[in-house]
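Have a look at coords.cif; it's mmCIF, C-alpha atoms:
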```
data_work
loop_
_atom_site.group_PDB
_atom_site.id
_atom_site.type_symbol
_atom_site.label_atom_id
_atom_site.label_comp_id
_atom_site.auth_asym_id
_atom_site.auth_seq_id
_atom_site.Cartn_x
_atom_site.Cartn_y
_atom_site.Cartn_z
ATOM 1 C CA MET V 1 44.683 18.099 7.942
ATOM 2 C CA ALA V 2 47.999 16.525 7.003
ATOM 3 C CA ASP V 3 49.501 17.517 3.652
ATOM 4 C CA THR V 4 49.091 13.948 2.415
ATOM 5 C CA ASN V 5 45.367 14.040 3.132
ATOM 6 C CA VAL V 6 45.024 17.461 1.523
ATOM 7 C CA ASN V 7 46.671 16.150 -1.629
ATOM 8 C CA THR V 8 44.572 12.974 -1.553
ATOM 9 C CA LEU V 9 41.327 14.930 -1.131
ATOM 10 C CA GLN V 10 42.217 17.419 -3.858
ATOM 11 C CA LYS V 11 43.076 14.600 -6.266
ATOM 12 C CA LEU V 12 39.799 12.847 -5.429
ATOM 13 C CA LEU V 13 37.755 16.025 -5.928
ATOM 14 C CA ALA V 14 39.550 16.679 -9.215
ATOM 15 C CA GLY V 15 38.709 13.137 -10.344
ATOM 16 C CA ILE V 16 35.063 13.601 -9.356
ATOM 17 C CA ASP V 17 34.877 16.908 -11.219
ATOM 18 C CA ALA V 18 36.403 15.334 -14.319
ATOM 19 C CA ALA V 19 33.836 12.504 -14.195
ATOM 20 C CA LYS V 20 31.041 15.029 -13.652
ATOM 21 C CA ALA V 21 32.169 17.029 -16.685
ATOM 22 C CA ARG V 22 31.924 13.889 -18.820
ATOM 23 C CA LEU V 23 28.516 13.035 -17.345
ATOM 24 C CA ASP V 24 27.257 16.548 -18.082
ATOM 25 C CA THR V 25 27.865 15.951 -21.788
ATOM 26 C CA LEU V 26 25.988 12.637 -21.677
ATOM 27 C CA ARG V 27 22.900 14.053 -19.916
ATOM 28 C CA THR V 28 22.137 10.962 -17.853
ATOM 29 C CA GLU V 29 19.049 12.709 -16.430
ATOM 30 C CA ASN V 30 17.430 12.005 -19.811
ATOM 31 C CA ASN V 31 17.508 8.272 -19.020
ATOM 32 C CA PRO V 32 14.607 7.871 -16.548
ATOM 33 C CA ALA V 33 14.897 4.065 -16.399
ATOM 34 C CA LEU V 34 18.520 4.321 -15.286
ATOM 35 C CA ILE V 35 17.764 7.019 -12.705
ATOM 36 C CA HIS V 36 14.836 4.968 -11.375
ATOM 37 C CA ALA V 37 16.995 1.870 -10.957
ATOM 38 C CA LEU V 38 19.667 3.863 -9.117
ATOM 39 C CA ASP V 39 17.056 5.457 -6.833
ATOM 40 C CA ILE V 40 15.684 2.009 -5.954
ATOM 41 C CA GLU V 41 19.224 0.821 -5.238
ATOM 42 C CA TYR V 42 19.929 3.870 -3.059
ATOM 43 C CA THR V 43 16.719 3.218 -1.103
ATOM 44 C CA TYR V 44 17.706 -0.417 -0.610
ATOM 45 C CA GLU V 45 21.236 0.386 0.584
ATOM 46 C CA SER V 46 20.260 3.284 2.863
ATOM 47 C CA ASN V 47 17.593 1.168 4.567
ATOM 48 C CA ARG V 48 19.949 -1.809 4.694
ATOM 49 C CA ILE V 49 22.444 0.245 6.698
ATOM 50 C CA GLU V 50 19.729 0.719 9.323
ATOM 51 C CA GLY V 51 18.813 -2.971 9.506
ATOM 52 C CA ASN V 52 16.023 -3.323 6.946
ATOM 53 C CA THR V 53 16.104 -6.931 5.653
ATOM 54 C CA LEU V 54 14.342 -6.456 2.297
ATOM 55 C CA THR V 55 16.543 -7.551 -0.597
ATOM 56 C CA LEU V 56 17.123 -5.276 -3.590
ATOM 57 C CA ARG V 57 14.611 -7.293 -5.611
ATOM 58 C CA GLU V 58 12.048 -7.206 -2.804
ATOM 59 C CA THR V 59 12.552 -3.458 -2.410
ATOM 60 C CA SER V 60 11.858 -3.021 -6.114
ATOM 61 C CA LEU V 61 8.704 -5.172 -5.963
ATOM 62 C CA VAL V 62 7.352 -3.280 -2.946
ATOM 63 C CA ILE V 63 7.924 0.104 -4.610
ATOM 64 C CA ASP V 64 7.101 -0.678 -8.246
ATOM 65 C CA LYS V 65 4.436 -3.353 -7.878
ATOM 66 C CA GLY V 66 2.959 -2.586 -4.459
ATOM 67 C CA LEU V 67 3.526 -6.180 -3.398
ATOM 68 C CA THR V 68 3.730 -7.436 0.174
ATOM 69 C CA VAL V 69 6.694 -9.682 0.896
ATOM 70 C CA GLY V 70 5.933 -12.620 3.161
ATOM 71 C CA GLY V 71 7.866 -12.737 6.410
ATOM 72 C CA LYS V 72 8.779 -9.045 6.282
ATOM 73 C CA SER V 73 7.313 -6.507 8.699
ATOM 74 C CA MET V 74 4.968 -3.679 7.738
ATOM 75 C CA ARG V 75 7.618 -1.254 8.975
ATOM 76 C CA GLU V 76 10.156 -2.619 6.480
ATOM 77 C CA HIS V 77 7.640 -2.162 3.665
ATOM 78 C CA LEU V 78 6.906 1.416 4.765
ATOM 79 C CA GLU V 79 10.616 2.185 5.063
ATOM 80 C CA ALA V 80 11.089 1.216 1.411
ATOM 81 C CA ILE V 81 8.089 3.182 0.142
ATOM 82 C CA ASN V 82 8.797 6.236 2.279
ATOM 83 C CA HIS V 83 12.482 6.452 1.420
ATOM 84 C CA TYR V 84 11.843 6.101 -2.295
ATOM 85 C CA GLU V 85 9.269 8.904 -2.144
ATOM 86 C CA ALA V 86 11.793 11.021 -0.255
ATOM 87 C CA VAL V 87 14.302 10.458 -3.084
ATOM 88 C CA LEU V 88 11.658 11.520 -5.623
ATOM 89 C CA LEU V 89 11.122 14.635 -3.518
ATOM 90 C CA LEU V 90 14.862 15.375 -3.701
ATOM 91 C CA ARG V 91 14.707 15.344 -7.478
ATOM 92 C CA GLU V 92 11.631 17.615 -7.456
ATOM 93 C CA LEU V 93 13.381 20.035 -5.103
ATOM 94 C CA VAL V 94 16.372 20.167 -7.442
ATOM 95 C CA GLN V 95 14.125 20.949 -10.410
ATOM 96 C CA ALA V 96 12.363 23.667 -8.409
ATOM 97 C CA ARG V 97 15.707 25.079 -7.197
ATOM 98 C CA THR V 98 14.460 24.885 -3.612
ATOM 99 C CA THR V 99 16.951 26.066 -0.994
ATOM 100 C CA LEU V 100 17.980 23.639 1.737
ATOM 101 C CA SER V 101 16.596 24.688 5.132
ATOM 102 C CA GLU V 102 15.779 23.345 8.586
ATOM 103 C CA SER V 103 12.112 23.046 7.662
ATOM 104 C CA LEU V 104 13.080 20.967 4.630
ATOM 105 C CA VAL V 105 15.114 18.613 6.839
ATOM 106 C CA LYS V 106 12.016 18.146 9.010
ATOM 107 C CA GLN V 107 9.918 17.516 5.892
ATOM 108 C CA LEU V 108 12.302 14.801 4.723
ATOM 109 C CA HIS V 109 12.279 13.208 8.168
ATOM 110 C CA GLY V 110 8.489 13.354 8.212
ATOM 111 C CA LEU V 111 8.470 11.315 5.008
ATOM 112 C CA ILE V 112 10.938 8.759 6.405
ATOM 113 C CA LEU V 113 8.766 8.045 9.469
ATOM 114 C CA ARG V 114 5.377 8.496 7.773
ATOM 115 C CA GLY V 115 3.010 5.782 8.978
ATOM 116 C CA ILE V 116 5.735 4.440 11.279
ATOM 117 C CA ASP V 117 5.889 6.999 14.087
ATOM 118 C CA ARG V 118 3.231 9.690 13.755
ATOM 119 C CA GLU V 119 4.161 11.374 17.022
ATOM 120 C CA ASN V 120 7.818 11.948 16.122
ATOM 121 C CA ALA V 121 7.771 12.232 12.320
ATOM 122 C CA GLY V 122 9.170 15.604 11.303
ATOM 123 C CA ARG V 123 9.778 16.736 14.892
ATOM 124 C CA TYR V 124 12.977 17.222 16.859
ATOM 125 C CA ARG V 125 13.350 14.818 19.744
ATOM 126 C CA SER V 126 12.307 15.733 23.280
ATOM 127 C CA LEU V 127 14.258 12.911 24.936
ATOM 128 C CA PRO V 128 17.969 12.171 25.431
ATOM 129 C CA VAL V 129 19.292 9.297 23.310
ATOM 130 C CA LEU V 130 22.240 6.927 23.104
ATOM 131 C CA ILE V 131 23.537 5.366 19.889
ATOM 132 C CA ALA V 132 24.019 1.613 20.150
ATOM 133 C CA GLY V 133 27.622 0.623 19.503
ATOM 134 C CA SER V 134 28.943 4.197 19.549
ATOM 135 C CA ARG V 135 30.913 6.113 22.178
ATOM 136 C CA HIS V 136 29.482 9.386 20.878
ATOM 137 C CA VAL V 137 26.783 10.784 23.172
ATOM 138 C CA PRO V 138 24.366 13.045 21.261
ATOM 139 C CA PRO V 139 23.516 16.435 22.808
ATOM 140 C CA GLN V 140 20.605 16.892 25.187
ATOM 141 C CA PRO V 141 17.232 17.585 23.529
ATOM 142 C CA TRP V 142 17.158 21.240 24.632
ATOM 143 C CA GLN V 143 20.395 21.794 22.691
ATOM 144 C CA VAL V 144 19.052 20.380 19.427
ATOM 145 C CA PRO V 145 17.274 23.500 18.072
ATOM 146 C CA ILE V 146 20.289 25.672 18.919
ATOM 147 C CA LEU V 147 22.741 23.273 17.289
ATOM 148 C CA MET V 148 20.591 22.851 14.181
ATOM 149 C CA GLU V 149 20.423 26.627 13.839
ATOM 150 C CA GLU V 150 24.226 26.727 14.079
ATOM 151 C CA CYS V 151 24.436 23.927 11.526
ATOM 152 C CA PHE V 152 22.465 25.941 8.995
ATOM 153 C CA ARG V 153 24.432 29.075 9.782
ATOM 154 C CA PHE V 154 27.503 27.065 8.789
ATOM 155 C CA TYR V 155 25.694 25.955 5.619
ATOM 156 C CA GLU V 156 24.832 29.515 4.608
ATOM 157 C CA GLU V 157 28.369 30.708 5.295
ATOM 158 C CA GLN V 158 30.095 27.826 3.473
ATOM 159 C CA ARG V 159 27.733 26.925 0.617
ATOM 160 C CA ALA V 160 29.605 29.178 -1.807
ATOM 161 C CA GLN V 161 33.041 28.419 -0.335
ATOM 162 C CA LEU V 162 33.391 24.655 0.030
ATOM 163 C CA HIS V 163 33.504 22.158 -2.813
ATOM 164 C CA PRO V 164 29.971 20.656 -3.055
ATOM 165 C CA VAL V 165 31.217 17.185 -2.086
ATOM 166 C CA GLU V 166 32.879 18.590 1.040
ATOM 167 C CA LEU V 167 29.777 20.649 1.863
ATOM 168 C CA ALA V 168 27.518 17.613 1.451
ATOM 169 C CA ALA V 169 29.720 15.442 3.673
ATOM 170 C CA GLU V 170 30.003 18.205 6.282
ATOM 171 C CA MET V 171 26.235 18.663 6.502
ATOM 172 C CA HIS V 172 25.675 14.913 6.753
ATOM 173 C CA GLU V 173 28.224 14.618 9.550
ATOM 174 C CA ARG V 174 26.946 17.658 11.441
ATOM 175 C CA ILE V 175 23.284 16.620 11.337
ATOM 176 C CA VAL V 176 23.862 12.994 12.269
ATOM 177 C CA THR V 177 26.173 14.094 15.123
ATOM 178 C CA ILE V 178 23.461 16.363 16.522
ATOM 179 C CA HIS V 179 21.056 13.414 16.148
ATOM 180 C CA PRO V 180 18.049 15.749 16.115
ATOM 181 C CA PHE V 181 15.374 13.068 15.784
ATOM 182 C CA ILE V 182 14.393 10.119 17.933
ATOM 183 C CA ASP V 183 14.803 7.808 14.903
ATOM 184 C CA GLY V 184 15.682 8.083 11.211
ATOM 185 C CA ASN V 185 18.725 10.341 11.641
ATOM 186 C CA GLY V 186 20.977 8.339 9.319
ATOM 187 C CA ARG V 187 18.521 8.182 6.445
ATOM 188 C CA THR V 188 17.596 11.846 6.827
ATOM 189 C CA SER V 189 21.193 13.080 6.960
ATOM 190 C CA ARG V 190 22.073 10.988 3.900
ATOM 191 C CA LEU V 191 19.118 12.518 2.043
ATOM 192 C CA VAL V 192 20.331 16.010 2.961
ATOM 193 C CA MET V 193 23.808 15.099 1.742
ATOM 194 C CA ASN V 194 22.460 13.845 -1.565
ATOM 195 C CA LEU V 195 20.171 16.816 -2.040
ATOM 196 C CA ILE V 196 23.248 19.068 -1.866
ATOM 197 C CA LEU V 197 25.084 16.849 -4.344
ATOM 198 C CA LEU V 198 22.159 16.768 -6.776
ATOM 199 C CA GLN V 199 21.652 20.526 -6.492
ATOM 200 C CA HIS V 200 25.217 20.989 -7.724
ATOM 201 C CA GLY V 201 24.880 18.454 -10.539
ATOM 202 C CA TYR V 202 26.770 15.609 -8.843
ATOM 203 C CA PRO V 203 25.486 12.023 -8.623
ATOM 204 C CA ILE V 204 24.115 10.515 -5.433
ATOM 205 C CA ALA V 205 26.596 9.117 -2.910
ATOM 206 C CA ASN V 206 25.213 5.629 -2.364
ATOM 207 C CA ILE V 207 26.808 4.057 0.719
ATOM 208 C CA PRO V 208 26.533 0.239 0.526
ATOM 209 C CA GLY V 209 24.889 -1.529 3.439
ATOM 210 C CA ASP V 210 27.183 -4.562 3.508
ATOM 211 C CA THR V 211 29.064 -5.176 6.754
ATOM 212 C CA GLU V 212 32.462 -3.938 5.562
ATOM 213 C CA SER V 213 31.121 -0.705 4.059
ATOM 214 C CA ARG V 214 28.854 -0.060 7.025
ATOM 215 C CA LEU V 215 31.729 -0.483 9.498
ATOM 216 C CA ALA V 216 33.940 1.884 7.471
ATOM 217 C CA TYR V 217 31.106 4.438 7.354
ATOM 218 C CA TYR V 218 30.392 4.257 11.087
ATOM 219 C CA GLY V 219 34.102 4.251 11.872
ATOM 220 C CA ALA V 220 34.683 7.450 9.901
ATOM 221 C CA LEU V 221 31.711 9.079 11.624
ATOM 222 C CA GLU V 222 33.054 8.007 15.020
ATOM 223 C CA THR V 223 36.434 9.556 14.192
ATOM 224 C CA ALA V 224 34.694 12.817 13.297
ATOM 225 C CA ASN V 225 32.516 12.721 16.430
ATOM 226 C CA LEU V 226 35.164 11.856 18.999
ATOM 227 C CA ASP V 227 38.401 13.226 17.540
ATOM 228 C CA GLY V 228 37.080 16.118 15.470
ATOM 229 C CA ASN V 229 38.909 14.670 12.459
ATOM 230 C CA LYS V 230 36.495 14.861 9.524
ATOM 231 C CA GLU V 231 38.957 14.071 6.742
ATOM 232 C CA PRO V 232 38.358 10.285 6.720
ATOM 233 C CA PHE V 233 34.614 10.856 6.454
ATOM 234 C CA ILE V 234 34.898 13.431 3.662
ATOM 235 C CA LEU V 235 37.256 11.126 1.763
ATOM 236 C CA LEU V 236 34.859 8.212 2.262
ATOM 237 C CA ILE V 237 31.879 10.169 0.937
ATOM 238 C CA GLY V 238 33.946 11.486 -1.963
ATOM 239 C CA GLY V 239 34.874 7.916 -2.818
ATOM 240 C CA PHE V 240 31.216 6.915 -3.019
ATOM 241 C CA VAL V 241 30.397 9.927 -5.221
ATOM 242 C CA PHE V 242 33.265 8.981 -7.528
ATOM 243 C CA ALA V 243 32.083 5.350 -7.606
ATOM 244 C CA THR V 244 28.573 6.395 -8.660
ATOM 245 C CA ALA V 245 29.927 8.764 -11.292
ATOM 246 C CA HIS V 246 32.231 6.078 -12.704
ATOM 247 C CA ARG V 247 29.391 3.569 -12.775
ATOM 248 C CA LEU V 248 27.122 6.021 -14.608
ATOM 249 C CA LEU V 249 29.822 6.578 -17.196
ATOM 250 C CA GLN V 250 30.057 2.833 -17.757
ATOM 251 C CA LEU V 251 26.268 2.469 -18.059
ATOM 252 C CA THR V 252 25.657 5.441 -20.335
#
```
Now that the file is in, can you turn its structure into structure tokens?
Amino acid sequence: MADTNVNTLQKLLAGIDAAKARLDTLRTENNPALIHALDIEYTYESNRIEGNTLTLRETSLVIDKGLTVGGKSMREHLEAINHYEAVLLLRELVQARTTLSESLVKQLHGLILRGIDRENAGRYRSLPVLIAGSRHVPPQPWQVPILMEECFRFYEEQRAQLHPVELAAEMHERIVTIHPFIDGNGRTSRLVMNLILLQHGYPIANIPGDTESRLAYYGALETANLDGNKEPFILLIGGFVFATAHRLLQLT
């Protein structure tokens, strides 16, 4: 990492920690309406990245009111409901101080594809895959269990060493690069990332699903995949954590 990037990352992490310290005094977790609204927004944006066409308002109506939106597929409705329930699970896991594990990743993925793909929900893929629009070729299916084991060995070794924002970004990048599932890898890896952040008292990194943000996100992942340069991705994720923290400070 170039010295400039080191300095930039350290300044960003220091800014995030300063915002977190202020948030800790405000106890935003005691505002359930605010947390609920942010969780709905996170569900909307994470699904939007993957092509779900429900608007933020429609996502809210599907989750809160159980309504069916005309012209939208059943899959899009299930994606909204499932992802929101996965976010609720994250918050329960934080309260229970549950340790992140491979089995927990599979549980989160099982929620994401519940009612959508019964055969593959919560199971590592058995087929080779290609990612549309990416030059990165995910590993062969027989490599997936080995690589996921290595991924969690890295987690155990680094969880007390890396700054939580760096650790969260690293785990997101590593899991999505392995691409362990036939579908739902992006949503699942973002949930893992945000579980790590929440476990350490940081706000969720909500990556917007608009075209510009999505291209920046995929571009940073591609740089990590093909060049082994993870700094742009870690900086990107840190920026989204800082943005959420700053927004919470304004709203509280």
Hits of the PyMOL selection byres ((chain V and resi 23-28) around 12) in this structure, as a VMD selection string
chain V and resid 16 to 22 29 to 36 38 200 to 203 242 244 to 252
Emit the selected residues as a PDB file, in the coordinates of the input, including C-alpha atoms.
```
ATOM      1  CA  ILE V  16      35.063  13.601  -9.356  1.00  0.00           C
ATOM      2  CA  ASP V  17      34.877  16.908 -11.219  1.00  0.00           C
ATOM      3  CA  ALA V  18      36.403  15.334 -14.319  1.00  0.00           C
ATOM      4  CA  ALA V  19      33.836  12.504 -14.195  1.00  0.00           C
ATOM      5  CA  LYS V  20      31.041  15.029 -13.652  1.00  0.00           C
ATOM      6  CA  ALA V  21      32.169  17.029 -16.685  1.00  0.00           C
ATOM      7  CA  ARG V  22      31.924  13.889 -18.820  1.00  0.00           C
ATOM      8  CA  GLU V  29      19.049  12.709 -16.430  1.00  0.00           C
ATOM      9  CA  ASN V  30      17.430  12.005 -19.811  1.00  0.00           C
ATOM     10  CA  ASN V  31      17.508   8.272 -19.020  1.00  0.00           C
ATOM     11  CA  PRO V  32      14.607   7.871 -16.548  1.00  0.00           C
ATOM     12  CA  ALA V  33      14.897   4.065 -16.399  1.00  0.00           C
ATOM     13  CA  LEU V  34      18.520   4.321 -15.286  1.00  0.00           C
ATOM     14  CA  ILE V  35      17.764   7.019 -12.705  1.00  0.00           C
ATOM     15  CA  HIS V  36      14.836   4.968 -11.375  1.00  0.00           C
ATOM     16  CA  LEU V  38      19.667   3.863  -9.117  1.00  0.00           C
ATOM     17  CA  HIS V 200      25.217  20.989  -7.724  1.00  0.00           C
ATOM     18  CA  GLY V 201      24.880  18.454 -10.539  1.00  0.00           C
ATOM     19  CA  TYR V 202      26.770  15.609  -8.843  1.00  0.00           C
ATOM     20  CA  PRO V 203      25.486  12.023  -8.623  1.00  0.00           C
ATOM     21  CA  PHE V 242      33.265   8.981  -7.528  1.00  0.00           C
ATOM     22  CA  THR V 244      28.573   6.395  -8.660  1.00  0.00           C
ATOM     23  CA  ALA V 245      29.927   8.764 -11.292  1.00  0.00           C
ATOM     24  CA  HIS V 246      32.231   6.078 -12.704  1.00  0.00           C
ATOM     25  CA  ARG V 247      29.391   3.569 -12.775  1.00  0.00           C
ATOM     26  CA  LEU V 248      27.122   6.021 -14.608  1.00  0.00           C
ATOM     27  CA  LEU V 249      29.822   6.578 -17.196  1.00  0.00           C
ATOM     28  CA  GLN V 250      30.057   2.833 -17.757  1.00  0.00           C
ATOM     29  CA  LEU V 251      26.268   2.469 -18.059  1.00  0.00           C
ATOM     30  CA  THR V 252      25.657   5.441 -20.335  1.00  0.00           C
TER      31      THR V 252
END
```
Skip segment 67-72 of chain V itself and residues of its chain fewer than 5 positions away, then list as a PyMOL selection string all residues within 7 Å of it, counting only C-alpha atoms.
chain V and resi 58+61-62
Just the residues within 10 Å of Leu197 of chain V, please, counting all atoms listed in the file, with nothing from its chain fewer than 4 positions along; format it as a list in words.
Val94, Pro164, Val165, Glu166, Leu167, Ala168, Ala169, Leu191, Val192, Met193, Gly201, Tyr202, Pro203, Ile204, Ala205 and Val241 of chain V
Translate the PyMOL selection byres ((chain V and resi 83) around 10), as applied to the file shown, into an explicit residue set as number ranges by chain.
V: 39-40, 42-44, 46-47, 63, 78-82, 84-89, 108-109, 111-114, 187-188, 191
Which residue is closest to Ala243 of chain V? Choose from V:His77, V:Ala160, V:Ser126, V:Leu12 and count all atoms listed in the file.
V:Leu12
Report, in Å to a single decimal, how far apart atom CA of Ile207 of chain V and atom CA of Ile178 of chain V are.
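Between these atoms lies a distance of 20.3 Å.
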What does the structure give for the distance between atom CA of Phe233 of chain V and atom CA of Tyr217 of chain V, in Å to one decimal?
7.4 Å
Give me the residues within 10 Å of Ser134 of chain V as a ChimeraX atom specification, counting only C-alpha atoms and dropping any in the same chain fewer than 4 places off.
/V:130,218-219,221-222,225-226
Quick one: axis-aligned box around all listed atoms of segment 214-222 of chain V, 8 Å on every side, centre and edge lengths in Å to one decimal, written as lines of an AutoDock Vina configuration file.
```
center_x = 31.8
center_y = 4.3
center_z = 11.0
size_x = 21.8
size_y = 25.6
size_z = 24.0
```
So which one's closest to Asp227 of chain V, V:Asn7, V:Gly184, V:Arg135, V:Gln158? Using all atoms listed in the file, please.
V:Arg135
Using all atoms listed in the file, pick whichever of V:Asp183, V:Asp64, V:Glu50, V:Glu231 has the shortest atom-to-atom distance to Gly122 of chain V.
V:Asp183
